[in-house]
$ cat run.tsv   # TSV, C-alpha atoms
chain	number	residue	atom	x	y	z
E	213	MET	CA	-155.55	-13.57	20.36
E	214	ALA	CA	-154.20	-11.95	23.48
E	215	ASP	CA	-155.30	-8.39	24.13
E	216	ALA	CA	-152.81	-5.54	24.26
E	217	ALA	CA	-152.13	-5.78	27.99
E	218	GLN	CA	-151.34	-9.49	27.74
E	219	GLN	CA	-149.58	-9.66	24.39
E	220	LEU	CA	-146.39	-11.68	24.26
E	221	GLU	CA	-143.32	-9.54	23.72
E	222	PRO	CA	-140.99	-11.27	21.25
E	223	LEU	CA	-137.57	-11.84	22.82
E	224	VAL	CA	-136.04	-13.09	19.58
E	225	GLY	CA	-137.20	-13.40	16.00
E	226	MET	CA	-138.82	-10.70	13.90
E	227	ARG	CA	-141.36	-8.13	15.03
E	228	SER	CA	-142.29	-7.61	11.41
E	229	LEU	CA	-144.01	-11.01	11.61
E	230	ARG	CA	-146.41	-9.52	14.14
E	231	VAL	CA	-147.24	-6.76	11.68
E	232	LEU	CA	-147.96	-9.36	8.99
E	233	ALA	CA	-150.17	-11.19	11.48
E	234	ARG	CA	-152.13	-8.02	12.24
E	235	LEU	CA	-152.63	-7.32	8.55
E	236	LEU	CA	-154.44	-10.66	8.24
E	237	ASP	CA	-156.66	-10.00	11.25
E	238	TYR	CA	-160.26	-8.83	11.10
E	239	PRO	CA	-160.02	-5.03	10.67
E	240	THR	CA	-160.76	-2.90	13.73
E	241	GLU	CA	-160.30	0.74	14.67
E	242	ALA	CA	-157.38	-0.38	16.86
E	243	LEU	CA	-155.70	-1.85	13.79
E	244	GLN	CA	-156.16	1.42	11.94
E	245	ALA	CA	-154.68	3.36	14.84
E	246	ALA	CA	-151.62	1.09	14.83
E	247	ALA	CA	-150.95	1.63	11.11
E	248	PRO	CA	-148.24	4.33	11.55
E	249	GLU	CA	-146.30	2.12	13.96
E	250	MET	CA	-146.71	-0.85	11.64
E	251	ILE	CA	-145.27	1.22	8.80
E	252	GLU	CA	-142.22	2.05	10.93
E	253	ILE	CA	-141.59	-1.61	11.75
E	254	LEU	CA	-141.94	-2.71	8.13
E	255	ASP	CA	-139.64	0.07	6.97
E	256	ALA	CA	-136.95	-1.28	9.30
E	257	GLU	CA	-137.27	-4.88	8.02
E	258	ARG	CA	-134.24	-5.04	5.72
E	259	ARG	CA	-134.77	-8.74	5.00
E	260	LEU	CA	-137.57	-7.69	2.65
E	261	SER	CA	-136.94	-5.96	-0.66
E	262	VAL	CA	-137.72	-2.29	-1.12
E	263	ALA	CA	-140.61	-3.24	-3.42
E	264	VAL	CA	-142.23	-5.64	-0.93
E	265	ARG	CA	-141.75	-3.26	1.99
E	266	GLY	CA	-143.14	-0.38	-0.04
E	267	ALA	CA	-146.25	-2.34	-1.05
E	268	LEU	CA	-146.91	-3.39	2.55
E	269	MET	CA	-146.46	0.14	3.87
E	270	GLU	CA	-148.79	1.54	1.20
E	271	TRP	CA	-151.38	-1.04	2.25
E	272	CYS	CA	-151.03	0.05	5.88
E	273	GLN	CA	-151.60	3.65	4.81
E	274	ARG	CA	-154.71	2.69	2.83
E	275	THR	CA	-155.97	0.79	5.88
E	276	LEU	CA	-155.49	3.89	8.03
E	277	GLU	CA	-157.48	6.06	5.62
E	278	ALA	CA	-160.26	3.61	4.70
E	279	ASP	CA	-163.76	3.40	6.14
E	280	ILE	CA	-163.73	0.67	8.78
E	281	MET	CA	-167.08	-0.75	7.67
E	282	ASP	CA	-165.78	-1.15	4.13
E	283	LEU	CA	-162.67	-2.92	5.39
E	284	GLN	CA	-164.71	-5.31	7.50
E	285	SER	CA	-167.13	-6.08	4.69
E	286	GLU	CA	-164.28	-6.81	2.30
E	287	TYR	CA	-162.59	-9.03	4.88
E	288	VAL	CA	-165.70	-11.14	5.48
E	289	ALA	CA	-166.24	-11.54	1.73
E	290	LEU	CA	-162.64	-12.65	1.30
E	291	PHE	CA	-162.08	-15.00	4.23
E	292	ASP	CA	-165.46	-16.11	5.57
E	293	ARG	CA	-167.03	-17.25	2.30
E	294	GLY	CA	-165.48	-20.30	0.73
E	295	ARG	CA	-162.35	-22.21	1.66
E	296	ASN	CA	-159.91	-21.39	-1.12
E	297	THR	CA	-158.58	-18.36	0.77
E	298	SER	CA	-158.89	-19.87	4.24
E	299	LEU	CA	-156.39	-18.63	6.82
E	300	LEU	CA	-156.46	-22.06	8.47
E	301	LEU	CA	-153.27	-23.60	7.12
E	302	PHE	CA	-154.12	-27.27	7.46
E	303	GLU	CA	-157.43	-26.85	5.66
E	304	HIS	CA	-155.43	-26.41	2.46
E	305	VAL	CA	-153.64	-29.71	3.07
E	306	HIS	CA	-156.05	-31.97	4.93
E	307	GLY	CA	-159.48	-30.40	4.36
E	308	GLU	CA	-161.82	-31.69	7.06
E	309	SER	CA	-160.16	-35.10	7.40
E	310	ARG	CA	-158.97	-36.59	10.68
E	311	ASP	CA	-155.39	-35.98	9.55
E	312	ARG	CA	-156.05	-32.32	10.14
E	313	GLY	CA	-156.98	-33.04	13.74
E	314	GLN	CA	-153.68	-34.83	14.35
E	315	ALA	CA	-151.76	-32.02	12.67
E	316	MET	CA	-153.52	-29.59	15.05
E	317	VAL	CA	-152.52	-31.66	18.06
E	318	ASP	CA	-148.90	-31.78	16.91
E	319	LEU	CA	-148.78	-28.03	16.36
E	320	MET	CA	-150.42	-27.37	19.72
E	321	ALA	CA	-147.74	-29.51	21.37
E	322	GLU	CA	-145.06	-27.43	19.63
E	323	TYR	CA	-146.63	-24.22	20.95
E	324	ARG	CA	-146.86	-25.52	24.51
E	325	ALA	CA	-143.30	-26.81	24.49
E	326	ALA	CA	-142.21	-23.29	23.60
E	327	GLY	CA	-144.36	-21.76	26.37
E	328	PHE	CA	-146.77	-20.20	23.87
E	329	GLU	CA	-150.33	-20.29	25.21
E	330	LEU	CA	-153.29	-20.01	22.86
E	331	ASP	CA	-156.49	-18.07	23.24
E	332	ALA	CA	-159.31	-20.61	23.53
E	333	HIS	CA	-161.13	-19.03	20.56
E	334	GLU	CA	-158.43	-19.64	17.93
E	335	LEU	CA	-157.34	-22.80	16.18
E	336	PRO	CA	-153.58	-23.46	16.24
E	337	ASP	CA	-153.24	-23.36	12.43
E	338	TYR	CA	-154.86	-19.92	12.09
E	339	LEU	CA	-152.18	-18.06	10.12
E	340	PRO	CA	-152.12	-14.79	12.15
E	341	LEU	CA	-151.73	-16.82	15.34
E	342	PHE	CA	-149.03	-18.96	13.74
E	343	LEU	CA	-147.14	-15.80	12.77
E	344	GLU	CA	-147.34	-14.52	16.35
E	345	TYR	CA	-145.72	-17.77	17.44
E	346	LEU	CA	-142.99	-17.44	14.80
E	347	SER	CA	-142.28	-13.88	15.96
E	348	THR	CA	-141.05	-15.35	19.27
E	349	ARG	CA	-138.68	-17.86	17.64
E	350	ASP	CA	-135.12	-17.55	16.40
E	351	GLU	CA	-134.34	-17.26	12.71
E	352	ALA	CA	-133.52	-20.95	12.30
E	353	ASP	CA	-136.96	-21.93	13.57
E	354	ILE	CA	-138.67	-19.27	11.48
E	355	GLY	CA	-136.89	-20.49	8.36
E	356	ARG	CA	-137.74	-24.12	9.12
E	357	TRP	CA	-141.44	-23.43	9.60
E	358	LEU	CA	-141.79	-21.15	6.58
E	359	GLY	CA	-140.03	-23.81	4.52
E	360	GLU	CA	-142.53	-26.44	5.65
E	361	ILE	CA	-145.57	-24.36	4.67
E	362	ARG	CA	-144.14	-22.67	1.58
E	363	HIS	CA	-146.42	-24.64	-0.76
E	364	ILE	CA	-149.48	-23.44	1.19
E	365	LEU	CA	-148.23	-19.85	1.19
E	366	ALA	CA	-147.62	-19.97	-2.56
E	367	LEU	CA	-151.11	-21.27	-3.32
E	368	LEU	CA	-152.71	-18.78	-0.93
E	369	THR	CA	-150.77	-15.93	-2.57
E	370	ALA	CA	-151.98	-16.95	-6.03
E	371	ARG	CA	-155.59	-17.23	-4.90
E	372	LEU	CA	-155.56	-13.87	-3.13
E	373	GLU	CA	-153.90	-12.24	-6.13
E	374	GLU	CA	-156.70	-13.66	-8.30
E	375	ARG	CA	-159.17	-11.91	-5.97
E	376	GLU	CA	-157.09	-8.70	-6.30
E	377	ALA	CA	-156.71	-8.58	-2.52
E	378	ASP	CA	-153.97	-6.63	-0.75
E	379	HIS	CA	-153.80	-9.56	1.66
E	380	ALA	CA	-151.79	-11.48	-0.96
E	381	LEU	CA	-148.84	-9.35	0.13
E	382	VAL	CA	-148.59	-11.21	3.45
E	383	PRO	CA	-147.92	-14.77	2.19
E	384	LEU	CA	-145.80	-13.26	-0.59
E	385	ALA	CA	-143.69	-11.41	2.00
E	386	LEU	CA	-143.29	-14.62	4.01
E	387	LEU	CA	-142.06	-16.40	0.90
E	388	ALA	CA	-139.70	-13.49	0.23
E	389	LEU	CA	-138.15	-13.96	3.67
E	390	ILE	CA	-136.87	-17.36	2.54
E	391	GLY	CA	-136.18	-16.36	-1.07
E	392	ALA	CA	-139.12	-18.38	-2.41
E	393	GLU	CA	-141.25	-15.79	-4.22
E	394	ALA	CA	-140.88	-17.82	-7.43
E	395	ASP	CA	-142.96	-20.60	-5.82
E	396	VAL	CA	-146.11	-18.58	-6.58
E	397	ALA	CA	-145.80	-18.67	-10.39
E	398	PRO	CA	-146.83	-22.35	-10.89
E	399	HIS	CA	-150.02	-21.74	-8.89
E	400	ARG	CA	-151.28	-18.66	-10.72
E	401	GLN	CA	-152.82	-20.55	-13.62
E	402	THR	CA	-154.45	-23.00	-11.21
E	403	ALA	CA	-155.96	-20.12	-9.24
E	404	LYS	CA	-157.21	-18.52	-12.44
E	405	GLU	CA	-158.95	-21.72	-13.57
E	406	GLU	CA	-160.52	-22.64	-10.22
E	407	ALA	CA	-164.27	-22.32	-9.98
E	408	PRO	CA	-165.18	-19.59	-7.45
E	409	ASP	CA	-166.16	-21.12	-4.11
E	410	TYR	CA	-167.49	-17.88	-2.61
E	411	THR	CA	-170.54	-17.29	-4.80
E	412	ALA	CA	-174.06	-17.77	-3.43
E	413	GLU	CA	-174.47	-20.88	-5.58
E	414	ALA	CA	-171.22	-22.43	-4.40
E	415	LEU	CA	-172.01	-21.70	-0.76
E	416	ASP	CA	-175.47	-23.23	-1.13
E	417	GLU	CA	-173.88	-26.43	-2.43
E	418	VAL	CA	-171.57	-26.62	0.56
E	419	TRP	CA	-174.45	-26.09	2.99
E	420	GLU	CA	-176.45	-28.81	1.27
E	421	GLU	CA	-173.56	-31.25	1.55
E	422	GLU	CA	-172.29	-30.32	5.02
E	423	ALA	CA	-175.06	-28.40	6.79
E	424	VAL	CA	-174.47	-30.32	10.02
E	425	ARG	CA	-171.58	-32.68	10.62
E	426	PHE	CA	-172.73	-35.42	13.02
E	427	THR	CA	-170.10	-37.93	11.96
E	428	ALA	CA	-166.96	-36.77	13.76
E	429	GLU	CA	-165.07	-39.93	14.65
E	430	SER	CA	-163.57	-38.70	17.89
E	431	ASP	CA	-164.16	-36.17	20.66
E	432	GLN	CA	-161.03	-34.41	19.45
E	433	ASP	CA	-162.55	-33.85	16.01
E	434	CYS	CA	-165.73	-32.46	17.58
E	435	ALA	CA	-163.72	-30.08	19.75
E	436	LEU	CA	-161.84	-28.76	16.73
E	437	GLN	CA	-165.04	-28.23	14.78
E	438	SER	CA	-166.72	-26.33	17.60
E	439	ALA	CA	-163.62	-24.18	18.12
E	440	GLU	CA	-163.68	-23.15	14.48
E	441	GLY	CA	-167.37	-22.40	14.73
E	442	ARG	CA	-166.82	-20.16	17.74
E	443	ARG	CA	-164.11	-18.21	15.94
E	444	LEU	CA	-166.27	-17.53	12.91
E	445	ALA	CA	-169.32	-16.71	14.99
E	446	GLU	CA	-167.46	-14.20	17.13
E	447	ARG	CA	-165.97	-12.44	14.14
E	448	LYS	CA	-169.26	-12.45	12.33
E	449	GLN	CA	-170.48	-9.09	13.58
E	450	ALA	CA	-147.35	-31.72	6.02
E	451	VAL	CA	-144.45	-32.55	4.10
E	452	PRO	CA	-141.00	-31.94	5.75
E	453	SER	CA	-138.73	-29.65	3.75
E	454	ASP	CA	-135.04	-29.01	3.66
E	455	PRO	CA	-133.80	-26.34	6.08
E	456	VAL	CA	-134.50	-22.85	4.75
E	457	LYS	CA	-132.59	-19.75	5.75
E	458	ILE	CA	-134.07	-16.33	6.30
E	459	MET	CA	-132.83	-13.76	3.82
E	460	PRO	CA	-130.02	-11.68	5.37
E	461	GLY	CA	-130.72	-8.20	6.61
E	462	SER	CA	-130.33	-5.86	9.55
E	463	GLY	CA	-131.91	-6.76	12.90
E	464	PRO	CA	-135.56	-5.95	13.62
E	465	THR	CA	-136.63	-2.71	15.17
E	466	ASP	CA	-137.15	-2.48	18.93
E	467	ARG	CA	-140.70	-1.23	18.54
E	468	THR	CA	-143.72	-3.50	18.71
E	469	VAL	CA	-147.31	-3.40	17.56
E	470	THR	CA	-149.84	-2.40	20.19
E	471	ASP	CA	-153.08	-2.67	18.28
E	472	ARG	CA	-154.53	-5.44	20.35
$ encode --input "run.tsv" --output "structure tokens"
Amino acid sequence: MADAAQQLEPLVGMRSLRVLARLLDYPTEALQAAAPEMIEILDAERRLSVAVRGALMEWCQRTLEADIMDLQSEYVALFDRGRNTSLLLFEHVHGESRDRGQAMVDLMAEYRAAGFELDAHELPDYLPLFLEYLSTRDEADIGRWLGEIRHILALLTARLEEREADHALVPLALLALIGAEADVAPHRQTAKEEAPDYTAEALDEVWEEEAVRFTAESDQDCALQSAEGRRLAERKQAVPSDPVKIMPGSGPTDRTVTDR
């Protein structure tokens, strides 16, 4: 991601999307310091219901008051162990197949056409990065993109709810923006019945099967794999849909998040 001095100021779209992006980022002291401003931005987002806004603001307050080491430990346990709660969107659709590589290329082309430049350490389908991109778009584009990934957001919400993670509020809020909160219900039973993929036993199985992947069928696939590896190492310390409209509400606040 860009650091604070270089961050892209949204000219259109919704600044609340940047707050949602930050809430899915690896927790830092800078994120904690930005919590009061994030609360202000969320409070001004009238496209979200009072209940959703309230839950998000309470989460921001808990983040502000929590021990940073606890937050980081919880984050790693939630997102860096297993794939069911991955924040890489296309992993939920394509897994590690070559189709994912092509989807990455297509999304990268969309970013570049819009003048949105990526940090070399992030994959284009990393959800916080994707939300930063959406925060620069108009409401028609935001609605179109959220409509195209609504099935992923619904499944991710159900899985994060099953883990009792506050982070479930982010994909749920994104669904709420397009009036699709009900999409989550069909996935809750599936999430409940899924075998945990984050236990030591499950992780050992994955390492045994995929310890080293020497069979990438193109240089592009290799590049994508190494990019994902860099992202995880550094942090270690699609089906077209009908057009979807954003729920009506007052315009976004003029403030922006400065935690990065």
$ atom_distance --input "run.tsv" --atom1 "atom CA of Leu389 of chain E" --atom2 "atom CA of Ala289 of chain E"
28.3 Å
$ residues_near_point --input "run.tsv" --point "(-153.6, 0.8, 3.1)" --cutoff "12 Å" --atoms "all atoms listed in the file" --output "NGL selection string"
:E and (235 or 239 or 243-244 or 246-248 or 250-251 or 266-280 or 283 or 377-379 or 381)
$ closest_atom_pairs --input "run.tsv" --of "segment 350-391 of chain E" --to "segment 316-338 of chain E" --cutoff "12 Å" --atoms "all atoms listed in the file" --output "JSON lines"
{"residue": "E:Asp350", "atom": "CA", "partner": "E:Ala326", "partner_atom": "CA", "distance": 11.6}
{"residue": "E:Asp353", "atom": "CA", "partner": "E:Ala326", "partner_atom": "CA", "distance": 11.4}
{"residue": "E:Trp357", "atom": "CA", "partner": "E:Leu319", "partner_atom": "CA", "distance": 11.0}
{"residue": "E:Ile361", "atom": "CA", "partner": "E:Asp337", "partner_atom": "CA", "distance": 11.0}
{"residue": "E:Ile364", "atom": "CA", "partner": "E:Asp337", "partner_atom": "CA", "distance": 11.9}
$ atom_distance --input "run.tsv" --atom1 "atom CA of Leu365 of chain E" --atom2 "atom CA of Met226 of chain E"
18.3 Å
$ atom_distance --input "run.tsv" --atom1 "atom CA of Arg230 of chain E" --atom2 "atom CA of Asn296 of chain E"
23.6 Å
$ closest_residue --input "run.tsv" --among "E:Val288, E:Met459, E:Ala263, E:Ala407" --to "Gly355 of chain E" --atoms "all atoms listed in the file"
E:Met459
$ residues_near_point --input "run.tsv" --point "(-160.9, -12.4, 6.6)" --cutoff "10 Å" --atoms "only C-alpha atoms" --output "PDB file with C-alpha atoms, in the frame of the given file"
ATOM      1  CA  LEU E 235    -152.630  -7.320   8.550  1.00  0.00           C
ATOM      2  CA  LEU E 236    -154.440 -10.660   8.240  1.00  0.00           C
ATOM      3  CA  ASP E 237    -156.660 -10.000  11.250  1.00  0.00           C
ATOM      4  CA  TYR E 238    -160.260  -8.830  11.100  1.00  0.00           C
ATOM      5  CA  PRO E 239    -160.020  -5.030  10.670  1.00  0.00           C
ATOM      6  CA  LEU E 283    -162.670  -2.920   5.390  1.00  0.00           C
ATOM      7  CA  GLN E 284    -164.710  -5.310   7.500  1.00  0.00           C
ATOM      8  CA  SER E 285    -167.130  -6.080   4.690  1.00  0.00           C
ATOM      9  CA  GLU E 286    -164.280  -6.810   2.300  1.00  0.00           C
ATOM     10  CA  TYR E 287    -162.590  -9.030   4.880  1.00  0.00           C
ATOM     11  CA  VAL E 288    -165.700 -11.140   5.480  1.00  0.00           C
ATOM     12  CA  ALA E 289    -166.240 -11.540   1.730  1.00  0.00           C
ATOM     13  CA  LEU E 290    -162.640 -12.650   1.300  1.00  0.00           C
ATOM     14  CA  PHE E 291    -162.080 -15.000   4.230  1.00  0.00           C
ATOM     15  CA  ASP E 292    -165.460 -16.110   5.570  1.00  0.00           C
ATOM     16  CA  ARG E 293    -167.030 -17.250   2.300  1.00  0.00           C
ATOM     17  CA  THR E 297    -158.580 -18.360   0.770  1.00  0.00           C
ATOM     18  CA  SER E 298    -158.890 -19.870   4.240  1.00  0.00           C
ATOM     19  CA  LEU E 299    -156.390 -18.630   6.820  1.00  0.00           C
ATOM     20  CA  HIS E 379    -153.800  -9.560   1.660  1.00  0.00           C
ATOM     21  CA  LEU E 444    -166.270 -17.530  12.910  1.00  0.00           C
ATOM     22  CA  ARG E 447    -165.970 -12.440  14.140  1.00  0.00           C
TER      23      ARG E 447
END
$ closest_residue --input "run.tsv" --among "E:Arg356, E:Leu341, E:Gly294, E:Ala385" --to "Arg371 of chain E" --atoms "only C-alpha atoms"
E:Gly294
$ residues_around --input "run.tsv" --residues "Ala403 of chain E" --least-positions-apart "3" --cutoff "9 Å" --atoms "only C-alpha atoms" --output "compact mmCIF listing (two decimals) with C-alpha atoms, keeping the file's coordinate frame"
# COMPACT_ATOMS: atom_id res chain seq x y z
CA LEU E 367 -151.11 -21.27 -3.32
CA ALA E 370 -151.98 -16.95 -6.03
CA ARG E 371 -155.59 -17.23 -4.90
CA LEU E 372 -155.56 -13.87 -3.13
CA GLU E 373 -153.90 -12.24 -6.13
CA GLU E 374 -156.70 -13.66 -8.30
CA HIS E 399 -150.02 -21.74 -8.89
CA ARG E 400 -151.28 -18.66 -10.72
CA GLU E 406 -160.52 -22.64 -10.22
CA ALA E 407 -164.27 -22.32 -9.98
$ closest_residue --input "run.tsv" --among "E:Ala256, E:Leu387, E:Ala366, E:Leu343" --to "Leu229 of chain E" --atoms "all atoms listed in the file"
E:Leu343
$ axis_aligned_box --input "run.tsv" --around "segment 365-372 of chain E" --padding-each-side "8 Å" --output "lines of an AutoDock Vina configuration file"
center_x = -151.6
center_y = -17.6
center_z = -2.4
size_x = 24.0
size_y = 23.4
size_z = 23.2
$ closest_residue --input "run.tsv" --among "E:Val262, E:Leu301, E:Leu232, E:Leu346" --to "Ala380 of chain E" --atoms "all atoms listed in the file"
E:Leu232
